[in-house]
Number of protein chains: 2
Amino acid sequence: MAVSADSAGQVKRNAPGRVRQRNRAKILQAAEHVFAERGYDGATTAAIADRAGLPKANVHYYFGTKSALYRAVIDSIIELWLEAFGDISEDSDPAETLGHYIRAKLAHSRERPLASRIFANEIIRGAPILSDYLKTDLRDWVTDKSRVLRQWANAGKMDPVDPAHLFFMIWSTTQTYADFDVQMRAVLGRQRLTDEDFETAAATITDVILKGCGIAR
Amino acid sequence: MAVSADSAGQVKRNAPGRVRQRNRAKILQAAEHVFAERGYDGATTAAIADRAGLPKANVHYYFGTKSALYRAVIDSIIELWLEAFGDISEDSDPAETLGHYIRAKLAHSRERPLASRIFANEIIRGAPILSDYLKTDLRDWVTDKSRVLRQWANAGKMDPVDPAHLFFMIWSTTQTYADFDVQMRAVLGRQRLTDEDFETAAATITDVILKGCGIAR
DNA sequence: AAGAAACTTGACCAGTTGGTCAAATTCTAG
DNA sequence: CTAGAATTTGACCAACTGGTCAAGTTTCTT
């Protein structure tokens with residue numbers, strides 16, 4: 001995508017393609033909202049267009065079909081996902097590394113709950129779009145990091161916990177704060193989850209998992 | 001619901017109402033499948049009728065509207081949920097009680113994945129139907145059991161872990177095996193999760209959480 | 001047995017949905 | 001400035017959806 005930008009990364013007022021870029025961005029953002037709130041089938045292109053402040057025909061002009069738009073949204077989410085994965089290498093300190101990873105995942109749930117919900121919906125639906133990604137990139141990542149965890153265990157830095165299932169634990173405990181937000185709010189009696197709630201969550205998850213894996217801090 | 005049944009609980013061949021009972025059951029089962037696979041908006045009454053082997057008009061004859069049918073499905077799921085909650089009282093042994101609770105939840109994810117997925121979908125959608133249940137029954141349950149966990153902590157039987165967030169951990173780590181089944185299968189490279197997979201999952205979750213809470217076994 | 005109640009079902013309908021299109025307008029490059 | 005490309009948009013459409021209905025069939029009650 002050829003986009004003109006000045007040194008500060010701002011899009012130039014009169015750069016060619018700026019309309020395209022702005023409208024695509026507006027639509028993608030609107031689509032993220034609507035897909036997250038209503039699911040793929042529940043989302044209508046009309047609702048997305050409304051939220052983007054554009055006529056429906058415009059949405060189709062930029063993305064063709066609803067399914068293509070959904071794909072574009074999913075793609076941008078996966079890009080985020082991969083960034084957030086961060087580094088876990090054998091040289092680093094287990095407590096610090098895993099602690100950091102857990103907090104990063106939780107922060108992501110808080111900052112991008114829509115992305116998390118769309119991802120969750122996609123997986124529950126059987127991952128029609130993401131199944132390739134799961135079987136390749138994600139699987140490789142887990143295989144890779146599992147090696148590190150096993151080395152830590154061999155070095156006596158942690159218990160020999162099954163690495164894949166441990167990652168499942170970390171993913172689920174952190175994602176649940178985005179996907180099941182309503183449930184947590186209902187149980188905790190909150191209108192919105194507060195800073196303290198997230199701090200308690202982070203502390204609880206980190207403490208339990210690190211101690212549970214026999215990782216000294 | 002007045003249903004005639006013999007001493008073994010079997011519905012009598014010629015008991016009045018047996019047609020109604022059988023068809024309602026067929027439709028509910030079909031609806032559970034379709035709602036779990038496609039979500040509320042994605043599910044069509046025609047698809048549900050097809051799966052139940054009945055004409056669409058028949059579905060409407062028994063349940064009126066799609067939304068009423070959805071409600072009926074949700075109700076039957078919540079009934080299950082409440083049963084599965086089991087007993088957690090201060091006299092019981094923490095390790096045994098929590099261990100049992102975790103295994104029961106995981107078994108439920110394995111045996112009734114459709115129910116779990118419908119529940120997840122409902123919560124992600126903002127719990128339009130279940131929000132009352134979350135704010136009353138579920139919240140009360142957590143409040144009640146939190147007292148027990150605090151007593152265990154005071155008695156030195158476990159660390160003073162935040163009870164609500166601990167329950168969130170247990171729920172998410174066990175439910176993820178139903179809701180995110182595709183993801184686990186992709187990562188583990190399985191066509192289906194095996195007995196061993198579930199045993200490893202149960203062991204990992206139980207070990208990490210119990211040890212992480214400082215519960216001796 | 002026979003009338004009443006419950007059930008079955010194909011045909012039908014109005015509203016919604018994703019998607020198209022052509023005419024009008026705005027940009028952009030030379 | 002101007003021709004061609006890109007964008008905008010209201011009107012439109014075929015397919016599908018949840019839901020209805022009336023006429024027939026089966027089951028139940030007495």
# chains A, B, ... in the order shown; residues from 1 in each chain; ligands from 1
>>> residues_around(residues="segment 94-100 of chain B", least_positions_apart="5", cutoff="10 Å", atoms="only C-alpha atoms (C1' of nucleotides)", output="NGL selection string")
:B and (86-89 or 105-106 or 148-149 or 152-153 or 157-158 or 170 or 202-203 or 205-207 or 209-211 or 213-217)
>>> closest_atom_pairs(of="chain C", to="segment 8-26 of chain D", cutoff="10 Å", atoms="only C-alpha atoms (C1' of nucleotides)", output="CSV")
residue,atom,partner,partner_atom,distance
C:DA6,C1',D:DT26,C1',8.3
C:DC7,C1',D:DT26,C1',7.0
C:DT8,C1',D:DT25,C1',7.2
C:DT9,C1',D:DG24,C1',9.0
C:DA11,C1',D:DC21,C1',9.2
C:DC12,C1',D:DT20,C1',8.2
C:DC13,C1',D:DT20,C1',8.1
C:DA14,C1',D:DG19,C1',9.7
C:DG15,C1',D:DT17,C1',8.5
C:DT16,C1',D:DT17,C1',7.6
C:DT17,C1',D:DC16,C1',7.8
C:DG18,C1',D:DA15,C1',9.3
C:DG19,C1',D:DC13,C1',8.9
C:DT20,C1',D:DC13,C1',8.1
C:DC21,C1',D:DC12,C1',8.5
C:DA23,C1',D:DT9,C1',9.6
C:DA24,C1',D:DT8,C1',8.3
C:DT25,C1',D:DT8,C1',7.2
C:DT26,C1',D:DT8,C1',8.8
>>> write_last_selection(atoms="N, CA, C and O atoms (P, O5', C5', C4', C3', O3' and C1' of nucleotides)", output="compact mmCIF listing (two decimals), in the first residue's frame")
# COMPACT_ATOMS: atom_id res chain seq x y z
P DA C 6 -55.32 -29.23 23.87
O5' DA C 6 -54.39 -30.08 22.89
C5' DA C 6 -54.09 -31.43 23.23
C4' DA C 6 -53.29 -32.05 22.11
C3' DA C 6 -52.06 -31.24 21.70
O3' DA C 6 -50.96 -32.12 21.70
C1' DA C 6 -53.35 -31.80 19.81
P DC C 7 -49.50 -31.58 21.39
O5' DC C 7 -49.38 -31.89 19.82
C5' DC C 7 -49.52 -33.24 19.40
C4' DC C 7 -49.55 -33.27 17.90
C3' DC C 7 -48.32 -32.67 17.18
O3' DC C 7 -47.69 -33.75 16.53
C1' DC C 7 -50.35 -32.13 16.08
P DT C 8 -46.39 -33.50 15.61
O5' DT C 8 -47.03 -33.18 14.21
C5' DT C 8 -47.57 -34.24 13.44
C4' DT C 8 -47.87 -33.74 12.05
C3' DT C 8 -46.68 -33.12 11.30
O3' DT C 8 -46.50 -33.86 10.11
C1' DT C 8 -48.61 -31.76 11.13
P DT C 9 -45.14 -33.73 9.32
O5' DT C 9 -45.52 -32.64 8.26
C5' DT C 9 -46.70 -32.83 7.48
C4' DT C 9 -46.98 -31.60 6.67
C3' DT C 9 -45.73 -30.84 6.21
O3' DT C 9 -45.82 -30.66 4.83
C1' DT C 9 -47.32 -29.35 7.10
P DA C 11 -46.55 -26.97 -1.66
O5' DA C 11 -47.21 -25.57 -1.28
C5' DA C 11 -48.62 -25.51 -0.99
C4' DA C 11 -48.98 -24.10 -0.57
C3' DA C 11 -48.29 -23.00 -1.38
O3' DA C 11 -49.26 -22.04 -1.74
C1' DA C 11 -47.88 -22.67 0.93
P DC C 12 -48.89 -20.83 -2.69
O5' DC C 12 -48.71 -19.63 -1.65
C5' DC C 12 -49.74 -19.40 -0.66
C4' DC C 12 -49.20 -18.47 0.40
C3' DC C 12 -48.47 -17.24 -0.13
O3' DC C 12 -49.29 -16.10 0.08
C1' DC C 12 -47.41 -18.18 1.80
P DC C 13 -48.89 -14.72 -0.62
O5' DC C 13 -48.25 -13.92 0.61
C5' DC C 13 -48.93 -13.86 1.86
C4' DC C 13 -48.05 -13.10 2.85
C3' DC C 13 -47.30 -11.95 2.18
O3' DC C 13 -47.39 -10.81 2.99
C1' DC C 13 -45.80 -13.36 3.34
P DA C 14 -47.53 -9.38 2.29
O5' DA C 14 -46.85 -8.44 3.38
C5' DA C 14 -46.97 -8.74 4.78
C4' DA C 14 -45.64 -8.50 5.47
C3' DA C 14 -44.90 -7.25 5.00
O3' DA C 14 -44.30 -6.68 6.14
C1' DA C 14 -43.51 -9.13 4.73
P DG C 15 -43.66 -5.22 6.08
O5' DG C 15 -42.18 -5.51 6.59
C5' DG C 15 -42.01 -6.28 7.79
C4' DG C 15 -40.58 -6.72 7.91
C3' DG C 15 -39.57 -5.61 7.61
O3' DG C 15 -38.62 -5.62 8.66
C1' DG C 15 -39.11 -7.52 6.27
P DT C 16 -37.43 -4.54 8.68
O5' DT C 16 -36.17 -5.41 8.24
C5' DT C 16 -35.98 -6.67 8.85
C4' DT C 16 -34.84 -7.38 8.18
C3' DT C 16 -33.61 -6.51 7.89
O3' DT C 16 -32.50 -7.14 8.51
C1' DT C 16 -34.22 -7.80 5.99
P DT C 17 -31.10 -6.44 8.57
O5' DT C 17 -30.32 -7.22 7.43
C5' DT C 17 -30.35 -8.64 7.44
C4' DT C 17 -29.59 -9.15 6.24
C3' DT C 17 -28.42 -8.25 5.87
O3' DT C 17 -27.22 -8.95 6.03
C1' DT C 17 -29.78 -8.76 3.96
P DG C 18 -25.80 -8.15 5.83
O5' DG C 18 -25.38 -8.63 4.39
C5' DG C 18 -25.12 -10.01 4.17
C4' DG C 18 -24.90 -10.23 2.70
C3' DG C 18 -23.69 -9.50 2.14
O3' DG C 18 -23.02 -10.38 1.23
C1' DG C 18 -25.66 -8.76 1.03
P DG C 19 -21.68 -9.90 0.49
O5' DG C 19 -22.25 -9.20 -0.81
C5' DG C 19 -23.06 -9.99 -1.69
C4' DG C 19 -23.63 -9.10 -2.77
C3' DG C 19 -22.62 -8.19 -3.47
O3' DG C 19 -22.54 -8.55 -4.84
C1' DG C 19 -24.65 -7.07 -3.02
P DT C 20 -21.59 -7.79 -5.86
O5' DT C 20 -22.60 -6.93 -6.73
C5' DT C 20 -23.75 -7.57 -7.27
C4' DT C 20 -24.55 -6.57 -8.08
C3' DT C 20 -23.73 -5.75 -9.08
O3' DT C 20 -24.37 -5.85 -10.34
C1' DT C 20 -25.09 -4.32 -7.73
P DC C 21 -23.54 -5.44 -11.66
O5' DC C 21 -24.11 -3.97 -11.94
C5' DC C 21 -25.48 -3.73 -11.60
C4' DC C 21 -25.84 -2.29 -11.92
C3' DC C 21 -24.81 -1.55 -12.76
O3' DC C 21 -25.51 -0.73 -13.67
C1' DC C 21 -25.17 -0.37 -10.75
P DA C 23 -26.44 5.80 -16.72
O5' DA C 23 -26.76 7.22 -16.08
C5' DA C 23 -27.66 7.31 -14.98
C4' DA C 23 -27.10 8.29 -13.96
C3' DA C 23 -26.38 9.49 -14.58
O3' DA C 23 -26.89 10.67 -13.99
C1' DA C 23 -25.02 8.48 -12.92
P DA C 24 -26.32 12.08 -14.36
O5' DA C 24 -25.50 12.46 -13.05
C5' DA C 24 -26.20 12.68 -11.83
C4' DA C 24 -25.17 12.91 -10.75
C3' DA C 24 -24.30 14.16 -10.97
O3' DA C 24 -24.29 14.88 -9.77
C1' DA C 24 -22.94 12.26 -10.56
P DT C 25 -23.70 16.36 -9.72
O5' DT C 25 -22.35 16.17 -8.92
C5' DT C 25 -22.37 15.50 -7.66
C4' DT C 25 -20.97 15.14 -7.29
C3' DT C 25 -19.95 16.28 -7.32
O3' DT C 25 -19.55 16.52 -5.98
C1' DT C 25 -19.05 14.25 -8.19
P DT C 26 -18.55 17.72 -5.66
O5' DT C 26 -17.15 16.94 -5.58
C5' DT C 26 -17.02 15.88 -4.66
C4' DT C 26 -15.68 15.22 -4.87
C3' DT C 26 -14.46 16.17 -4.78
O3' DT C 26 -13.53 15.55 -3.91
C1' DT C 26 -14.32 14.84 -6.70
>>> residues_around(residues="segment 46-61 of chain B", least_positions_apart="2", cutoff="6 Å", atoms="only C-alpha atoms (C1' of nucleotides)", output="list in words")
Lys26, Ile27, Ala30, Ala31, Thr44, Phe63 and Gly64 of chain B
>>> select_by_dssp(residues="segment 18-217 of chain B", states="helix (DSSP H, G or I)", output="NGL selection string")
:B and (18-42 or 45-52 or 56-63 or 66-84 or 94-111 or 113-124 or 131-154 or 163-179 or 181-188 or 195-212)
>>> atom_distance(atom1="atom CA of Arg71 of chain B", atom2="atom CA of Ala43 of chain B")
13.6 Å
>>> closest_residue(among="A:Val19, A:Ala107, A:Ala36, A:Val73", to="chain B", atoms="only C-alpha atoms")
A:Ala36
>>> interface_residues(of="chain B", to="chain A", cutoff="6 Å", atoms="only C-alpha atoms", output="PyMOL selection string")
chain B and resi 37+41-42+123-125+134-135+139+169+172-173+179-180+186-187+208-209+211-213
>>> write_last_selection(atoms="N, CA and C atoms", output="PDB file, in the first residue's frame")
ATOM      1  N   GLU B  37     -23.013 -23.971  16.999  1.00  0.00           N
ATOM      2  CA  GLU B  37     -22.163 -23.903  15.810  1.00  0.00           C
ATOM      3  C   GLU B  37     -22.207 -22.552  15.120  1.00  0.00           C
ATOM      4  N   ASP B  41     -27.542 -15.341  15.959  1.00  0.00           N
ATOM      5  CA  ASP B  41     -27.963 -14.739  14.698  1.00  0.00           C
ATOM      6  C   ASP B  41     -27.717 -15.659  13.512  1.00  0.00           C
ATOM      7  N   GLY B  42     -26.661 -16.447  13.587  1.00  0.00           N
ATOM      8  CA  GLY B  42     -26.323 -17.329  12.482  1.00  0.00           C
ATOM      9  C   GLY B  42     -27.234 -18.544  12.386  1.00  0.00           C
ATOM     10  N   ILE B 123     -22.384 -14.844  26.734  1.00  0.00           N
ATOM     11  CA  ILE B 123     -21.648 -13.882  27.557  1.00  0.00           C
ATOM     12  C   ILE B 123     -20.924 -12.862  26.678  1.00  0.00           C
ATOM     13  N   ILE B 124     -20.289 -13.340  25.612  1.00  0.00           N
ATOM     14  CA  ILE B 124     -19.576 -12.426  24.720  1.00  0.00           C
ATOM     15  C   ILE B 124     -20.538 -11.409  24.120  1.00  0.00           C
ATOM     16  N   ARG B 125     -21.751 -11.858  23.822  1.00  0.00           N
ATOM     17  CA  ARG B 125     -22.765 -10.959  23.270  1.00  0.00           C
ATOM     18  C   ARG B 125     -23.276  -9.957  24.296  1.00  0.00           C
ATOM     19  N   LEU B 134     -26.475 -13.872  36.218  1.00  0.00           N
ATOM     20  CA  LEU B 134     -25.108 -13.558  36.628  1.00  0.00           C
ATOM     21  C   LEU B 134     -25.100 -12.673  37.872  1.00  0.00           C
ATOM     22  N   LYS B 135     -26.003 -11.685  37.871  1.00  0.00           N
ATOM     23  CA  LYS B 135     -26.008 -10.703  38.962  1.00  0.00           C
ATOM     24  C   LYS B 135     -26.624 -11.246  40.238  1.00  0.00           C
ATOM     25  N   ARG B 139     -23.541 -14.506  41.358  1.00  0.00           N
ATOM     26  CA  ARG B 139     -22.850 -13.615  42.287  1.00  0.00           C
ATOM     27  C   ARG B 139     -22.978 -14.121  43.725  1.00  0.00           C
ATOM     28  N   MET B 169     -10.203 -17.896  37.351  1.00  0.00           N
ATOM     29  CA  MET B 169      -9.128 -18.731  36.799  1.00  0.00           C
ATOM     30  C   MET B 169      -9.617 -20.150  36.535  1.00  0.00           C
ATOM     31  N   SER B 172     -12.170 -20.220  33.578  1.00  0.00           N
ATOM     32  CA  SER B 172     -11.598 -19.994  32.256  1.00  0.00           C
ATOM     33  C   SER B 172     -10.699 -21.142  31.822  1.00  0.00           C
ATOM     34  N   THR B 173      -9.868 -21.638  32.737  1.00  0.00           N
ATOM     35  CA  THR B 173      -8.948 -22.708  32.330  1.00  0.00           C
ATOM     36  C   THR B 173      -9.682 -23.985  31.959  1.00  0.00           C
ATOM     37  N   ASP B 179     -14.613 -24.326  24.574  1.00  0.00           N
ATOM     38  CA  ASP B 179     -14.801 -23.192  23.677  1.00  0.00           C
ATOM     39  C   ASP B 179     -13.695 -23.085  22.638  1.00  0.00           C
ATOM     40  N   PHE B 180     -12.468 -23.314  23.046  1.00  0.00           N
ATOM     41  CA  PHE B 180     -11.329 -23.131  22.150  1.00  0.00           C
ATOM     42  C   PHE B 180     -10.748 -24.453  21.674  1.00  0.00           C
ATOM     43  N   ALA B 186      -5.328 -27.723  17.145  1.00  0.00           N
ATOM     44  CA  ALA B 186      -4.342 -27.248  16.181  1.00  0.00           C
ATOM     45  C   ALA B 186      -2.952 -27.229  16.803  1.00  0.00           C
ATOM     46  N   VAL B 187      -2.860 -26.705  18.022  1.00  0.00           N
ATOM     47  CA  VAL B 187      -1.562 -26.583  18.671  1.00  0.00           C
ATOM     48  C   VAL B 187      -0.982 -27.958  19.014  1.00  0.00           C
ATOM     49  N   VAL B 208      -1.036 -26.892  39.178  1.00  0.00           N
ATOM     50  CA  VAL B 208      -0.617 -25.491  39.192  1.00  0.00           C
ATOM     51  C   VAL B 208      -1.488 -24.669  40.135  1.00  0.00           C
ATOM     52  N   ILE B 209      -2.777 -24.835  40.047  1.00  0.00           N
ATOM     53  CA  ILE B 209      -3.653 -24.005  40.875  1.00  0.00           C
ATOM     54  C   ILE B 209      -3.527 -24.361  42.360  1.00  0.00           C
ATOM     55  N   LYS B 211      -1.045 -25.904  44.019  1.00  0.00           N
ATOM     56  CA  LYS B 211       0.268 -25.491  44.514  1.00  0.00           C
ATOM     57  C   LYS B 211       0.367 -23.962  44.542  1.00  0.00           C
ATOM     58  N   GLY B 212      -0.182 -23.340  43.497  1.00  0.00           N
ATOM     59  CA  GLY B 212      -0.144 -21.878  43.411  1.00  0.00           C
ATOM     60  C   GLY B 212      -0.906 -21.198  44.523  1.00  0.00           C
ATOM     61  N   CYS B 213      -1.880 -21.891  45.080  1.00  0.00           N
ATOM     62  CA  CYS B 213      -2.638 -21.339  46.201  1.00  0.00           C
ATOM     63  C   CYS B 213      -2.055 -21.776  47.542  1.00  0.00           C
TER      64      CYS B 213
END
>>> residues_around(residues="segment 3-5 of chain D", least_positions_apart="4", cutoff="12 Å", atoms="only C-alpha atoms (C1' of nucleotides)", output="PyMOL selection string")
(chain A and resi 16-17) or (chain C and resi 26-30)
>>> write_last_selection(atoms="N, CA and C atoms (P, O5', C5', C4', C3', O3' and C1' of nucleotides)", output="compact mmCIF listing (two decimals), in the first residue's frame")
# COMPACT_ATOMS: atom_id res chain seq x y z
N PRO A 16 -1.97 11.88 -2.23
CA PRO A 16 -2.90 11.03 -2.98
C PRO A 16 -3.16 9.75 -2.21
N GLY A 17 -4.36 9.26 -2.30
CA GLY A 17 -4.71 8.04 -1.61
C GLY A 17 -5.17 8.26 -0.19
P DT C 26 -18.55 17.72 -5.66
O5' DT C 26 -17.15 16.94 -5.58
C5' DT C 26 -17.02 15.88 -4.66
C4' DT C 26 -15.68 15.22 -4.87
C3' DT C 26 -14.46 16.17 -4.78
O3' DT C 26 -13.53 15.55 -3.91
C1' DT C 26 -14.32 14.84 -6.70
P DC C 27 -12.39 16.42 -3.20
O5' DC C 27 -11.08 15.66 -3.70
C5' DC C 27 -11.12 15.09 -5.00
C4' DC C 27 -10.10 13.98 -5.10
C3' DC C 27 -8.65 14.45 -5.01
O3' DC C 27 -7.82 13.37 -4.62
C1' DC C 27 -9.25 13.94 -7.28
P DT C 28 -6.25 13.59 -4.35
O5' DT C 28 -5.60 13.33 -5.77
C5' DT C 28 -5.77 12.05 -6.38
C4' DT C 28 -5.08 12.04 -7.72
C3' DT C 28 -3.69 12.68 -7.74
O3' DT C 28 -2.80 11.73 -8.32
C1' DT C 28 -5.02 13.51 -9.52
P DA C 29 -1.21 11.94 -8.27
O5' DA C 29 -0.89 12.02 -9.82
C5' DA C 29 -1.45 11.04 -10.70
C4' DA C 29 -1.28 11.47 -12.13
C3' DA C 29 0.12 11.99 -12.49
O3' DA C 29 0.43 11.54 -13.81
C1' DA C 29 -1.46 13.67 -12.95
P DG C 30 1.94 11.70 -14.33
O5' DG C 30 1.78 12.63 -15.61
C5' DG C 30 0.83 12.27 -16.64
C4' DG C 30 0.62 13.47 -17.54
C3' DG C 30 1.92 14.15 -17.98
O3' DG C 30 1.82 14.51 -19.36
C1' DG C 30 0.52 15.73 -16.94
